[in-house]
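Trainee: mmCIF, C-alpha atoms, saved as target-v5.cif, coming up:
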```
data_model
loop_
_atom_site.label_atom_id
_atom_site.label_comp_id
_atom_site.auth_asym_id
_atom_site.auth_seq_id
_atom_site.Cartn_x
_atom_site.Cartn_y
_atom_site.Cartn_z
CA MET A 7 22.53 21.62 12.20
CA THR A 8 24.43 18.99 14.09
CA GLU A 9 25.97 15.99 12.55
CA GLN A 10 24.65 12.87 14.15
CA GLU A 11 25.58 9.30 13.66
CA VAL A 12 22.68 7.21 12.50
CA ILE A 13 23.04 3.59 13.39
CA THR A 14 20.99 1.29 11.21
CA VAL A 15 20.02 -2.16 12.37
CA ASP A 16 18.61 -4.58 9.85
CA ALA A 17 16.10 -6.77 11.68
CA ARG A 18 14.21 -7.87 8.59
CA GLY A 19 13.26 -11.51 8.51
CA LEU A 20 14.10 -12.10 12.15
CA SER A 21 11.36 -13.59 14.25
CA CYS A 22 10.25 -11.95 17.46
CA PRO A 23 11.64 -11.10 19.92
CA GLN A 24 14.99 -10.88 18.12
CA PRO A 25 14.29 -7.45 16.59
CA VAL A 26 13.57 -6.19 20.11
CA ILE A 27 16.76 -7.77 21.46
CA LEU A 28 18.81 -6.13 18.69
CA THR A 29 17.16 -2.80 19.39
CA ARG A 30 17.87 -3.15 23.07
CA LYS A 31 21.53 -3.98 22.45
CA SER A 32 21.90 -0.98 20.17
CA LEU A 33 20.12 1.40 22.53
CA SER A 34 22.29 0.29 25.44
CA ASP A 35 25.11 2.25 23.80
CA LYS A 36 24.93 5.50 25.76
CA ASP A 37 26.28 7.65 22.94
CA ILE A 38 23.60 6.65 20.52
CA GLN A 39 21.52 9.51 19.21
CA ARG A 40 19.56 8.04 16.36
CA LEU A 41 18.79 4.43 15.62
CA HIS A 42 16.98 3.19 12.55
CA VAL A 43 15.62 -0.33 12.73
CA LEU A 44 14.60 -2.00 9.48
CA ILE A 45 11.64 -4.32 9.95
CA ASN A 46 9.45 -6.32 7.60
CA SER A 47 6.80 -7.81 9.85
CA PRO A 48 3.93 -5.93 11.47
CA VAL A 49 4.45 -7.83 14.74
CA ALA A 50 8.10 -6.80 15.00
CA ARG A 51 7.18 -3.26 13.96
CA ASP A 52 4.76 -2.92 16.87
CA ASN A 53 7.10 -4.60 19.34
CA VAL A 54 10.15 -2.49 18.50
CA TYR A 55 8.10 0.72 18.49
CA LYS A 56 6.54 -0.17 21.83
CA TYR A 57 9.91 -1.12 23.31
CA ALA A 58 11.56 2.15 22.24
CA LYS A 59 8.69 4.17 23.69
CA ALA A 60 8.80 2.19 26.92
CA GLN A 61 12.49 3.01 27.24
CA GLY A 62 11.77 6.72 27.01
CA PHE A 63 12.85 7.29 23.41
CA ASN A 64 10.93 9.00 20.67
CA ALA A 65 9.95 6.68 17.86
CA GLU A 66 8.37 7.02 14.46
CA ILE A 67 7.26 4.37 12.04
CA GLU A 68 7.93 5.00 8.39
CA GLU A 69 6.73 2.68 5.65
CA TYR A 70 9.30 1.94 3.02
CA ASN A 71 8.05 -0.21 0.14
CA GLU A 72 6.74 -3.21 2.05
CA ASP A 73 9.17 -2.76 4.91
CA TYR A 74 9.16 -0.40 7.84
CA ILE A 75 11.83 1.83 9.32
CA ILE A 76 11.44 2.51 13.01
CA LYS A 77 13.24 5.78 13.63
CA ILE A 78 14.27 5.99 17.24
CA TYR A 79 15.84 9.12 18.72
CA LYS A 80 16.23 10.91 22.00
CA MET B 18 1.16 -1.05 26.51
CA THR B 19 -1.33 1.12 24.69
CA ILE B 20 -5.01 1.11 25.61
CA ASN B 21 -6.01 -0.63 22.41
CA GLU B 22 -3.38 -3.32 22.81
CA LYS B 23 -4.42 -3.88 26.40
CA ARG B 24 -8.05 -4.15 25.38
CA ILE B 25 -7.44 -6.75 22.67
CA ILE B 26 -5.35 -9.01 24.90
CA VAL B 27 -7.94 -8.73 27.69
CA ILE B 28 -10.76 -9.63 25.29
CA THR B 29 -8.71 -12.53 23.92
CA GLY B 30 -7.96 -13.89 27.39
CA ILE B 31 -11.60 -13.70 28.45
CA VAL B 32 -12.98 -15.25 25.26
CA VAL B 33 -10.41 -18.06 25.08
CA GLY B 34 -10.99 -18.78 28.79
CA LEU B 35 -14.76 -18.90 28.26
CA LEU B 36 -14.50 -21.10 25.18
CA GLY B 37 -11.99 -23.33 26.96
CA GLY B 38 -14.58 -23.97 29.64
CA ALA B 39 -17.59 -24.07 27.32
CA LEU B 40 -16.19 -26.55 24.79
CA VAL B 41 -16.07 -29.11 27.61
CA LEU B 42 -19.80 -28.62 28.20
CA PHE B 43 -20.33 -29.09 24.47
CA GLY B 44 -18.57 -32.45 24.58
CA ASN B 45 -14.78 -32.03 24.57
CA PRO B 46 -12.81 -34.06 27.16
CA GLN B 47 -12.51 -32.63 30.68
CA ASN B 48 -10.01 -29.77 31.04
CA MET B 49 -9.50 -30.02 27.28
CA GLY B 50 -11.68 -27.30 25.83
CA PHE B 51 -8.59 -26.43 23.89
CA CYS B 52 -5.37 -28.39 23.63
CA ILE B 53 -3.32 -27.59 20.58
CA ALA B 54 -0.98 -30.54 21.06
CA CYS B 55 -3.73 -33.07 21.79
CA PHE B 56 -5.86 -31.84 18.90
CA ILE B 57 -3.02 -31.95 16.37
CA ARG B 58 -2.25 -35.47 17.64
CA ASP B 59 -5.94 -36.33 17.14
CA ILE B 60 -5.73 -35.00 13.58
CA ALA B 61 -2.69 -37.21 12.95
CA GLY B 62 -4.87 -40.08 14.14
CA GLY B 63 -7.83 -38.95 12.06
CA LEU B 64 -5.60 -39.09 9.00
CA GLY B 65 -4.37 -42.54 9.99
CA ILE B 66 -0.75 -41.50 10.53
CA HIS B 67 -0.99 -43.27 13.88
CA GLN B 68 -3.33 -46.04 14.91
CA ALA B 69 -4.01 -45.23 18.56
CA GLY B 70 -7.75 -45.84 18.42
CA VAL B 71 -8.68 -43.58 21.33
CA VAL B 72 -7.18 -40.38 19.91
CA GLN B 73 -8.35 -40.10 16.31
CA TYR B 74 -10.44 -37.15 15.18
CA VAL B 75 -9.89 -34.31 12.74
CA ARG B 76 -10.46 -31.54 15.30
CA PRO B 77 -12.28 -28.56 13.79
CA GLU B 78 -10.80 -26.27 16.47
CA ILE B 79 -7.37 -26.48 14.81
CA ILE B 80 -8.87 -25.79 11.38
CA GLY B 81 -10.76 -22.82 12.83
CA LEU B 82 -7.71 -21.37 14.58
CA ILE B 83 -5.70 -21.29 11.36
CA LEU B 84 -8.60 -20.01 9.24
CA GLY B 85 -9.51 -17.38 11.84
CA ALA B 86 -5.96 -16.07 11.89
CA PHE B 87 -5.95 -16.14 8.08
CA ILE B 88 -9.15 -14.13 7.69
CA VAL B 89 -8.13 -11.48 10.20
CA SER B 90 -4.58 -11.15 8.87
CA LYS B 91 -5.99 -10.72 5.37
CA ILE B 92 -8.36 -8.00 6.54
CA SER B 93 -5.73 -6.17 8.57
CA GLY B 94 -3.09 -6.43 5.86
CA GLU B 95 -0.76 -8.41 8.09
CA PHE B 96 -0.89 -11.49 5.90
CA ARG B 97 2.60 -11.94 4.49
CA PRO B 98 4.06 -14.97 2.74
CA MET B 99 7.36 -15.45 4.57
CA ALA B 100 9.53 -18.55 5.04
CA GLY B 101 13.01 -19.92 4.81
CA SER B 102 14.37 -19.60 8.33
CA ALA B 103 16.01 -22.93 9.24
CA THR B 104 13.13 -24.94 7.82
CA ALA B 105 14.21 -28.44 8.83
CA THR B 106 15.32 -27.32 12.29
CA ARG B 107 11.88 -25.84 12.85
CA PHE B 108 10.27 -29.09 11.74
CA PHE B 109 12.22 -31.03 14.38
CA LEU B 110 11.64 -28.40 17.05
CA GLY B 111 7.91 -28.79 16.34
CA MET B 112 8.26 -32.55 16.61
CA PHE B 113 10.10 -32.44 19.94
CA MET B 114 7.73 -29.80 21.26
CA MET B 115 4.98 -32.31 20.58
CA PHE B 116 6.85 -35.12 22.35
CA GLY B 117 7.24 -32.93 25.42
CA ALA B 118 3.59 -31.89 25.39
CA LEU B 119 2.32 -35.45 24.99
CA ILE B 120 4.54 -36.66 27.84
CA PHE B 121 2.80 -34.11 30.06
CA LEU B 122 -0.54 -34.57 28.21
CA GLY B 123 -1.16 -31.03 27.10
CA CYS B 124 0.16 -27.96 25.38
CA PRO B 125 0.80 -24.78 27.42
CA LEU B 126 -2.80 -23.71 26.82
CA ARG B 127 -4.20 -26.95 28.18
CA MET B 128 -1.77 -26.67 31.08
CA VAL B 129 -3.51 -23.43 32.04
CA LEU B 130 -6.94 -24.99 31.50
CA ARG B 131 -5.94 -27.99 33.65
CA LEU B 132 -4.90 -25.61 36.42
CA SER B 133 -8.23 -23.82 36.10
CA GLY B 134 -10.01 -27.16 36.51
CA GLY B 135 -8.22 -27.73 39.83
CA ASP B 136 -5.73 -30.21 38.38
CA LEU B 137 -2.70 -29.71 40.62
CA THR B 138 -0.58 -32.10 38.54
CA ALA B 139 -0.24 -29.18 36.13
CA ILE B 140 1.81 -27.27 38.72
CA PRO B 141 5.05 -29.22 38.17
CA ALA B 142 4.35 -28.83 34.45
CA PHE B 143 4.07 -25.09 34.85
CA LEU B 144 7.35 -24.96 36.77
CA GLY B 145 9.00 -27.01 34.03
CA PHE B 146 7.54 -24.76 31.35
CA LEU B 147 8.82 -21.70 33.18
CA ALA B 148 12.30 -23.26 33.46
CA GLY B 149 12.25 -24.11 29.75
CA VAL B 150 11.23 -20.57 28.81
CA VAL B 151 14.03 -19.11 30.96
CA VAL B 152 16.64 -21.42 29.38
CA GLY B 153 15.35 -20.65 25.89
CA THR B 154 15.37 -16.92 26.59
CA GLU B 155 18.97 -17.14 27.80
CA PHE B 156 19.83 -18.55 24.36
CA LEU B 157 18.03 -15.57 22.80
CA LYS B 158 19.93 -13.13 24.98
CA ASN B 159 23.17 -14.70 23.82
CA GLY B 160 22.40 -14.14 20.19
CA PHE B 161 20.45 -17.28 19.28
CA ASN B 162 18.57 -17.01 16.02
CA LEU B 163 17.43 -19.37 13.32
CA GLY B 164 18.38 -17.01 10.53
CA ARG B 165 16.23 -14.64 8.55
CA SER B 166 13.06 -15.60 6.80
CA GLN B 167 12.52 -14.27 3.29
CA ARG B 168 9.57 -12.93 1.41
CA GLN B 169 7.97 -15.75 -0.59
CA GLY B 170 5.59 -15.96 -3.50
CA ALA B 171 1.94 -15.70 -2.54
CA PHE B 172 1.31 -19.43 -2.82
CA GLU B 173 3.70 -20.31 0.01
CA GLY B 174 1.62 -18.18 2.34
CA TYR B 175 -1.51 -20.18 1.57
CA THR B 176 -0.13 -23.66 2.18
CA ALA B 177 -1.45 -23.99 5.73
CA ILE B 178 -4.84 -22.62 4.68
CA LEU B 179 -5.04 -25.10 1.80
CA PHE B 180 -4.10 -27.94 4.13
CA VAL B 181 -6.70 -27.21 6.79
CA GLY B 182 -9.22 -26.27 4.11
CA ALA B 183 -8.74 -29.74 2.64
CA LEU B 184 -9.15 -31.27 6.11
CA LEU B 185 -12.42 -29.39 6.57
CA ILE B 186 -13.73 -30.57 3.19
CA LEU B 187 -12.83 -34.18 4.02
CA LEU B 188 -14.47 -33.90 7.44
CA LEU B 189 -17.69 -32.44 6.05
CA LEU B 190 -18.04 -34.22 2.73
CA VAL B 191 -16.15 -37.52 2.84
CA PRO B 192 -15.70 -38.37 6.53
CA GLY B 193 -15.73 -42.06 5.55
CA ILE B 194 -12.07 -41.94 4.54
CA LEU B 195 -10.99 -40.51 7.91
CA PHE B 196 -10.50 -42.34 11.21
CA PHE B 197 -12.77 -41.58 14.15
CA SER B 198 -12.29 -42.82 17.73
CA GLU B 199 -15.21 -44.80 19.04
CA GLU B 200 -14.08 -44.43 22.65
CA GLY B 201 -11.61 -42.42 24.68
CA PRO B 202 -10.79 -38.71 24.43
CA GLY B 203 -10.89 -38.83 20.63
CA ALA B 204 -14.57 -39.77 20.77
CA MET B 205 -15.40 -36.82 23.01
CA SER B 206 -16.00 -33.73 20.96
CA ALA B 207 -18.10 -30.63 20.62
CA PRO B 208 -20.32 -30.48 17.52
CA ILE B 209 -18.34 -29.58 14.39
CA VAL B 210 -19.97 -26.17 13.96
CA VAL B 211 -19.37 -25.18 17.59
CA ALA B 212 -15.75 -26.36 17.54
CA LEU B 213 -15.08 -24.64 14.23
CA LEU B 214 -16.58 -21.37 15.39
CA ALA B 215 -14.68 -21.50 18.68
CA GLY B 216 -11.48 -21.99 16.70
CA LEU B 217 -12.30 -19.19 14.26
CA VAL B 218 -13.02 -16.68 17.02
CA SER B 219 -9.98 -17.68 19.08
CA GLY B 220 -7.73 -17.70 16.03
CA ALA B 221 -8.90 -14.26 14.98
CA LEU B 222 -8.37 -12.81 18.46
CA ALA B 223 -5.04 -14.57 18.96
CA GLN B 224 -3.84 -13.13 15.65
CA ARG B 225 -4.73 -9.60 16.75
CA SER B 226 -3.39 -9.92 20.29
CA ARG B 227 -0.33 -12.12 19.48
CA LEU B 228 -1.45 -14.34 22.35
CA CYS B 229 1.35 -16.74 23.22
CA MET B 230 1.79 -18.74 26.39
CA ALA B 231 5.57 -18.94 26.04
CA GLY B 232 5.81 -15.34 24.88
CA GLY B 233 3.97 -14.17 28.00
CA LEU B 234 6.61 -15.56 30.33
CA ARG B 235 9.46 -14.67 27.98
CA ASP B 236 8.49 -11.00 27.75
CA ILE B 237 8.41 -10.69 31.53
CA TYR B 238 11.84 -12.26 31.85
CA LEU B 239 13.34 -10.43 28.89
CA ILE B 240 11.86 -6.94 28.83
CA ARG B 241 9.57 -6.73 31.90
CA ASP B 242 6.53 -6.52 29.64
CA PHE B 243 3.36 -8.07 31.05
CA THR B 244 1.08 -7.64 28.03
CA LEU B 245 1.02 -11.22 26.75
CA PHE B 246 1.06 -12.62 30.27
CA THR B 247 -2.19 -10.74 30.92
CA GLY B 248 -3.84 -13.04 28.38
CA PHE B 249 -2.36 -16.09 30.07
CA ILE B 250 -3.69 -15.04 33.49
CA LEU B 251 -7.13 -14.07 32.19
CA ILE B 252 -7.58 -17.45 30.49
CA PHE B 253 -6.83 -19.05 33.85
CA ILE B 254 -9.17 -16.82 35.87
CA VAL B 255 -12.09 -16.92 33.45
CA ALA B 256 -11.85 -20.69 32.90
CA LEU B 257 -11.54 -21.14 36.69
CA ILE B 258 -14.75 -19.20 37.33
CA PHE B 259 -16.46 -21.02 34.47
CA ASN B 260 -15.43 -24.41 35.84
CA LEU B 261 -16.55 -23.49 39.37
CA VAL B 262 -19.96 -22.38 38.11
CA ALA B 263 -20.35 -25.33 35.73
CA GLY B 264 -19.30 -27.83 38.40
CA ASN B 265 -16.21 -28.90 36.49
CA PHE B 266 -13.76 -27.85 39.21
CA GLN B 267 -12.11 -30.72 41.06
CA LEU B 268 -9.11 -29.82 43.21
CA GLY B 269 -6.38 -32.39 43.70
CA PHE B 270 -3.57 -34.47 42.29
CA GLU B 271 -5.32 -37.84 41.96
CA GLY B 272 -7.82 -38.96 39.37
CA GLN B 273 -7.62 -35.85 37.21
CA PRO B 274 -9.02 -36.22 33.67
CA VAL B 275 -6.50 -37.17 30.97
CA ALA B 276 -3.59 -36.58 33.35
CA HIS B 277 -1.01 -38.60 35.29
CA THR B 278 0.97 -38.16 38.50
CA ASP B 279 4.51 -38.70 37.19
CA HIS B 280 5.45 -35.17 38.20
CA ILE B 281 9.08 -35.35 37.08
CA PHE B 282 7.93 -36.30 33.59
CA SER B 283 5.41 -33.45 33.61
CA PHE B 284 8.17 -31.05 34.64
CA LEU B 285 10.66 -32.31 32.05
CA GLY B 286 8.08 -32.63 29.27
CA MET B 287 6.94 -29.05 29.63
CA ALA B 288 10.53 -27.84 30.08
CA LEU B 289 11.22 -29.31 26.64
CA VAL B 290 8.09 -27.59 25.31
CA GLY B 291 9.23 -24.28 26.83
CA ILE B 292 12.66 -24.38 25.21
CA CYS B 293 11.27 -25.49 21.83
CA ALA B 294 8.61 -22.76 21.95
CA ILE B 295 11.14 -20.02 22.67
CA LEU B 296 13.56 -21.24 19.99
CA LEU B 297 10.66 -21.42 17.51
CA GLY B 298 9.40 -17.98 18.53
CA GLY B 299 6.08 -19.14 19.95
CA CYS B 300 4.03 -21.84 21.65
CA PRO B 301 2.03 -24.43 19.66
CA LEU B 302 -0.97 -22.06 19.48
CA ARG B 303 1.21 -19.24 18.18
CA GLN B 304 2.70 -21.50 15.48
CA LEU B 305 -0.82 -22.14 14.16
CA ILE B 306 -1.58 -18.42 14.14
CA LEU B 307 1.67 -17.68 12.29
CA ALA B 308 0.85 -20.43 9.79
CA GLY B 309 -2.53 -18.82 9.18
CA SER B 310 -0.89 -15.41 8.70
CA GLY B 311 1.20 -16.65 5.77
CA ASP B 312 4.30 -17.76 7.66
CA GLY B 313 5.62 -20.93 6.03
CA ASP B 314 7.99 -21.43 8.97
CA GLY B 315 4.95 -21.64 11.26
CA THR B 316 3.39 -24.14 8.85
CA VAL B 317 6.50 -26.30 8.96
CA ALA B 318 6.46 -26.26 12.78
CA PHE B 319 2.79 -27.32 12.58
CA LEU B 320 3.70 -30.20 10.26
CA GLY B 321 6.52 -31.15 12.63
CA MET B 322 3.97 -31.25 15.44
CA LEU B 323 1.65 -33.39 13.31
CA ILE B 324 4.35 -35.97 12.64
CA GLY B 325 5.54 -35.67 16.25
CA GLY B 326 2.02 -36.48 17.42
CA ALA B 327 1.93 -39.57 15.24
CA LEU B 328 5.39 -40.77 16.26
CA ALA B 329 4.63 -40.15 19.94
CA HIS B 330 1.91 -42.79 19.72
CA ASN B 331 3.54 -45.14 17.23
CA LEU B 332 6.67 -45.34 19.40
CA GLY B 333 4.95 -45.24 22.78
CA ILE B 334 6.45 -41.87 23.74
CA ALA B 335 3.15 -40.30 24.74
CA ALA B 336 2.09 -40.73 28.33
CA SER B 337 -1.34 -42.01 29.31
CA PRO B 338 -3.40 -41.60 32.50
CA GLU B 339 -1.41 -44.61 33.77
CA GLY B 340 1.77 -42.57 33.56
CA ALA B 341 4.83 -41.84 31.47
CA THR B 342 6.81 -44.45 29.55
CA THR B 343 10.41 -45.56 29.08
CA ALA B 344 10.20 -44.49 25.45
CA GLY B 345 9.06 -41.11 26.76
CA LEU B 346 12.19 -40.87 28.88
CA ALA B 347 14.34 -41.70 25.86
CA ALA B 348 12.51 -39.06 23.82
CA LEU B 349 13.17 -36.48 26.54
CA VAL B 350 16.89 -37.26 26.57
CA ILE B 351 17.12 -37.04 22.78
CA GLY B 352 14.91 -33.96 22.77
CA PHE B 353 17.07 -32.08 25.26
CA ILE B 354 20.22 -33.03 23.34
CA PHE B 355 18.55 -31.71 20.19
CA VAL B 356 17.37 -28.40 21.63
CA PHE B 357 20.66 -27.65 23.39
CA SER B 358 22.56 -28.48 20.20
CA THR B 359 20.18 -26.22 18.27
CA GLY B 360 20.66 -23.49 20.85
CA PHE B 361 24.44 -23.59 20.97
CA MET B 362 24.96 -24.11 17.24
CA ASN B 363 22.82 -21.11 16.26
CA MET B 364 24.36 -18.39 18.38
CA GLU B 365 26.41 -16.70 15.68
CA SER B 366 26.18 -13.08 16.46
CA ILE B 367 23.73 -10.90 14.68
CA ALA B 368 24.12 -8.60 17.65
CA ALA B 369 26.36 -6.07 15.97
CA PRO B 370 24.55 -3.31 14.13
CA ALA B 371 24.23 -4.32 10.50
CA SER B 372 25.45 -0.97 9.31
CA SER B 373 26.39 2.38 10.68
CA SER B 374 26.62 5.58 8.77
CA LYS B 375 27.49 9.16 9.49
CA SER B 376 24.88 11.41 8.10
CA THR B 377 23.92 14.97 8.63
CA VAL B 378 20.51 15.32 10.08
CA LYS B 379 18.96 18.59 9.18
#
```
Will you turn the file into C-alpha cells for me?

Mentor:
Amino acid sequence: MTEQEVITVDARGLSCPQPVILTRKSLSDKDIQRLHVLINSPVARDNVYKYAKAQGFNAEIEEYNEDYIIKIYK
Amino acid sequence: MTINEKRIIVITGIVVGLLGGALVLFGNPQNMGFCIACFIRDIAGGLGIHQAGVVQYVRPEIIGLILGAFIVSKISGEFRPMAGSATATRFFLGMFMMFGALIFLGCPLRMVLRLSGGDLTAIPAFLGFLAGVVVGTEFLKNGFNLGRSQRQGAFEGYTAILFVGALLILLLLVPGILFFSEEGPGAMSAPIVVALLAGLVSGALAQRSRLCMAGGLRDIYLIRDFTLFTGFILIFIVALIFNLVAGNFQLGFEGQPVAHTDHIFSFLGMALVGICAILLGGCPLRQLILAGSGDGDGTVAFLGMLIGGALAHNLGIAASPEGATTAGLAALVIGFIFVFSTGFMNMESIAAPASSSKSTVK
C-alpha cells in the first residue's frame, strides 16, 4: 500500500462559501492526493461535496459525531 | 448540480415568483409581493420603534418565512443552534444592509420583483448590487471571514422562533398594542392568513433550496455555479408572466410604485446591500432562513435589520417616492467606510490547511 499524505482542513463553524473556498485553495495544490474537510453544517457539507465532484474528484461524506468529514481523493 | 437540487431550486423560484405576483393581488403594495427589507421596516414601525405612520405593520410574511424555515429544518434534521461569529459586526452589517435597501426602496428580492413589474429604475440597482457582490466576493477570495461560529445550547437556536412567535401572538390576540398604518404602503396588505401561508411556503422552500439573491451572483463569480442563480431568474420570469397576465406590468422609469428616479442612489444603496450580504453570507431573505434554522448569527443580522429599519426612518435615511435624502447620502458614506473596514480588518488568513498529517492509507 502506498503512503499518502492526508491534508485535513477544518472548516467547522465557517459560513458558506468559506468552506468551499478553503477546499478550492487546498485542491489547487497539484500534489494533493487526499483531502479531508471537517464540516459541521449541512449546507457546507453539500456545497463542499458538490464542489469536489464538479472538479472531477471522488468524494465521500462520513458522519462523525455531529460533524461531517468530506473525504476527497483522486 | 444534482437532479434533486435542480428540482428544488426550480420549484422555489416558480413558487416565490408566483407568490410575489399574487400577494399584490391580495392587497400588498405594487411590486411588493415580497420585500424583506420593507417588511422588516414595517415590523419596526408596527412595534413603534419608528413613528413613520405610512410604514407600520407587523408583516406576517416575515413571521411565516422564519417559521417555515424552522419547521422544515426541524423535519430534515438541519436545525442546529449555532452562533458566536462576530456577533456585533453582524448586527451592524444587518443595519447597514437595511440602510442601503431603504435608500433604493427594496431588498434584492423586491429588486427582482420590481424588474418583473417593468420598473426600469431597478436596473441601476441591479448593477449596483452586482458590483457590491463582486467587491464582497473579492474580500472572500482574499481570506475574509468573520470567524467561526460555535455550537450553542438548544435555546439559542429558538430565539428567532420565539421572537416571531411572540409577534404572531400579538398580531392575532392583542393587535391593539401594535401600530398599524392607516394610509400608505403600510396600510396595503394581504389578509393575515394569506400572507402567513405565503411566508411559510416560501420559507420552507428557501430553506431546502438555500435560495439567496446575493449567493446566486456570488456562486457564478466565484465557482461558476449557476444553481442559486436559477432561482433568481425563475422568480423574475414567473413574476413577469404573472404581472403581464394580471395587468400589473408597467414598463418605464417614471411613476413606478414605491420607487424613485435617483439612479445613483439606487446603484450605491444596492451596492452597499451587495457587500453587506456577501460579508454576512447571505441576502436579507437568507438571514431570515438561517435565523429560522437555529443560526443565532442570522438572528442577530435580522435584529440589526430591524433596528436599521427604524433608524432609517427616524433619521431620514430612507428614500421616498420623492427621492433620496442628504441623510441617506451620509449613511451611504458611513456604510461604505464600515463595510470596507470590516472587509480589510477580517482578512487574517484561514487559508492554510489547519493540519496536515502523513498517514498510511491501506

Trainee: For each of A:Tyr70, A:Ile76, A:Ser34, A:Ala60, take the minimum atom-to-atom distance to chain B, counting all atoms listed in the file, then give the residue where this is smallest.

Mentor: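 Of all the options, A:Ala60 lies closest to chain B.
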
Trainee: Mind giving me the straight-line distance from atom CA of Val49 of chain A to atom CA of Ser102 of chain B in Å, one decimal?

Mentor: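 Separation of atom CA of Val49 of chain A and atom CA of Ser102 of chain B: 16.7 Å.
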
Trainee: Any idea what's packed within 12 Å of Asp37 of chain A, counting only C-alpha atoms, ignoring anything in its chain fewer than 3 positions away? Could you give it as a ChimeraX atom specification?

Mentor: /A:10-13,32-34,40-41,79-80

Trainee: Looking at A:Asp35, A:Ile78, A:Val43, A:Ala17, which one is nearest to Lys59 of chain A, with distances taken over only C-alpha atoms?

Mentor: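 The shortest atom-to-atom distance to Lys59 of chain A comes from A:Ile78.
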
Trainee: Rank nothing, just name the residue among B:Gly325, B:Pro202, B:Gly182, B:Gly291 nearest to Ala148 of chain B, using all atoms listed in the file.

Mentor: B:Gly291

Trainee: I need the output of the PyMOL selection byres ((chain A) within 9 of (chain B)) for this file as a PyMOL selection string; which residues are they?

Mentor: chain A and resi 7-24+26-28+31-32+47-49+56-57+60

Trainee: For Ala288 of chain B, which residue among B:Leu126, B:Ala212, B:Met114, B:Val27 is the nearest when counting only C-alpha atoms?

Mentor: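 Among the listed residues, the smallest separation from Ala288 of chain B belongs to B:Met114.
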
Trainee: For the PyMOL selection byres ((chain B and resi 123) around 10), applied here, can you spell out every residue it catches as a VMD selection string?

Mentor: chain B and resid 48 to 49 51 to 56 115 117 to 122 124 to 131 139 142 275 to 276 283 286 to 287

Trainee: Save the residues we just selected, C-alpha atoms, as a PDB file, keeping the file's coordinate frame?

Mentor:
```pdb
ATOM      1  CA  ASN B  48     -10.010 -29.770  31.040  1.00  0.00           C
ATOM      2  CA  MET B  49      -9.500 -30.020  27.280  1.00  0.00           C
ATOM      3  CA  PHE B  51      -8.590 -26.430  23.890  1.00  0.00           C
ATOM      4  CA  CYS B  52      -5.370 -28.390  23.630  1.00  0.00           C
ATOM      5  CA  ILE B  53      -3.320 -27.590  20.580  1.00  0.00           C
ATOM      6  CA  ALA B  54      -0.980 -30.540  21.060  1.00  0.00           C
ATOM      7  CA  CYS B  55      -3.730 -33.070  21.790  1.00  0.00           C
ATOM      8  CA  PHE B  56      -5.860 -31.840  18.900  1.00  0.00           C
ATOM      9  CA  MET B 115       4.980 -32.310  20.580  1.00  0.00           C
ATOM     10  CA  GLY B 117       7.240 -32.930  25.420  1.00  0.00           C
ATOM     11  CA  ALA B 118       3.590 -31.890  25.390  1.00  0.00           C
ATOM     12  CA  LEU B 119       2.320 -35.450  24.990  1.00  0.00           C
ATOM     13  CA  ILE B 120       4.540 -36.660  27.840  1.00  0.00           C
ATOM     14  CA  PHE B 121       2.800 -34.110  30.060  1.00  0.00           C
ATOM     15  CA  LEU B 122      -0.540 -34.570  28.210  1.00  0.00           C
ATOM     16  CA  CYS B 124       0.160 -27.960  25.380  1.00  0.00           C
ATOM     17  CA  PRO B 125       0.800 -24.780  27.420  1.00  0.00           C
ATOM     18  CA  LEU B 126      -2.800 -23.710  26.820  1.00  0.00           C
ATOM     19  CA  ARG B 127      -4.200 -26.950  28.180  1.00  0.00           C
ATOM     20  CA  MET B 128      -1.770 -26.670  31.080  1.00  0.00           C
ATOM     21  CA  VAL B 129      -3.510 -23.430  32.040  1.00  0.00           C
ATOM     22  CA  LEU B 130      -6.940 -24.990  31.500  1.00  0.00           C
ATOM     23  CA  ARG B 131      -5.940 -27.990  33.650  1.00  0.00           C
ATOM     24  CA  ALA B 139      -0.240 -29.180  36.130  1.00  0.00           C
ATOM     25  CA  ALA B 142       4.350 -28.830  34.450  1.00  0.00           C
ATOM     26  CA  VAL B 275      -6.500 -37.170  30.970  1.00  0.00           C
ATOM     27  CA  ALA B 276      -3.590 -36.580  33.350  1.00  0.00           C
ATOM     28  CA  SER B 283       5.410 -33.450  33.610  1.00  0.00           C
ATOM     29  CA  GLY B 286       8.080 -32.630  29.270  1.00  0.00           C
ATOM     30  CA  MET B 287       6.940 -29.050  29.630  1.00  0.00           C
TER      31      MET B 287
END
```

Trainee: For the provided coordinates, the residues matched by the PyMOL selection byres ((chain A and resi 68) around 12) should be stated as a PDB file with C-alpha atoms, keeping the file's coordinate frame.

Mentor:
```pdb
ATOM      1  CA  HIS A  42      16.980   3.190  12.550  1.00  0.00           C
ATOM      2  CA  VAL A  43      15.620  -0.330  12.730  1.00  0.00           C
ATOM      3  CA  LEU A  44      14.600  -2.000   9.480  1.00  0.00           C
ATOM      4  CA  ILE A  45      11.640  -4.320   9.950  1.00  0.00           C
ATOM      5  CA  ASN A  46       9.450  -6.320   7.600  1.00  0.00           C
ATOM      6  CA  ARG A  51       7.180  -3.260  13.960  1.00  0.00           C
ATOM      7  CA  TYR A  55       8.100   0.720  18.490  1.00  0.00           C
ATOM      8  CA  ALA A  65       9.950   6.680  17.860  1.00  0.00           C
ATOM      9  CA  GLU A  66       8.370   7.020  14.460  1.00  0.00           C
ATOM     10  CA  ILE A  67       7.260   4.370  12.040  1.00  0.00           C
ATOM     11  CA  GLU A  69       6.730   2.680   5.650  1.00  0.00           C
ATOM     12  CA  TYR A  70       9.300   1.940   3.020  1.00  0.00           C
ATOM     13  CA  ASN A  71       8.050  -0.210   0.140  1.00  0.00           C
ATOM     14  CA  GLU A  72       6.740  -3.210   2.050  1.00  0.00           C
ATOM     15  CA  ASP A  73       9.170  -2.760   4.910  1.00  0.00           C
ATOM     16  CA  TYR A  74       9.160  -0.400   7.840  1.00  0.00           C
ATOM     17  CA  ILE A  75      11.830   1.830   9.320  1.00  0.00           C
ATOM     18  CA  ILE A  76      11.440   2.510  13.010  1.00  0.00           C
ATOM     19  CA  LYS A  77      13.240   5.780  13.630  1.00  0.00           C
ATOM     20  CA  ILE A  78      14.270   5.990  17.240  1.00  0.00           C
TER      21      ILE A  78
END
```

Trainee: Write out as a VMD selection string which residues come within 8 Å of Leu305 of chain B when counting all atoms listed in the file, dropping same-chain ones fewer than 6 positions away.

Mentor: chain B and resid 79 82 to 83 315 to 316 319
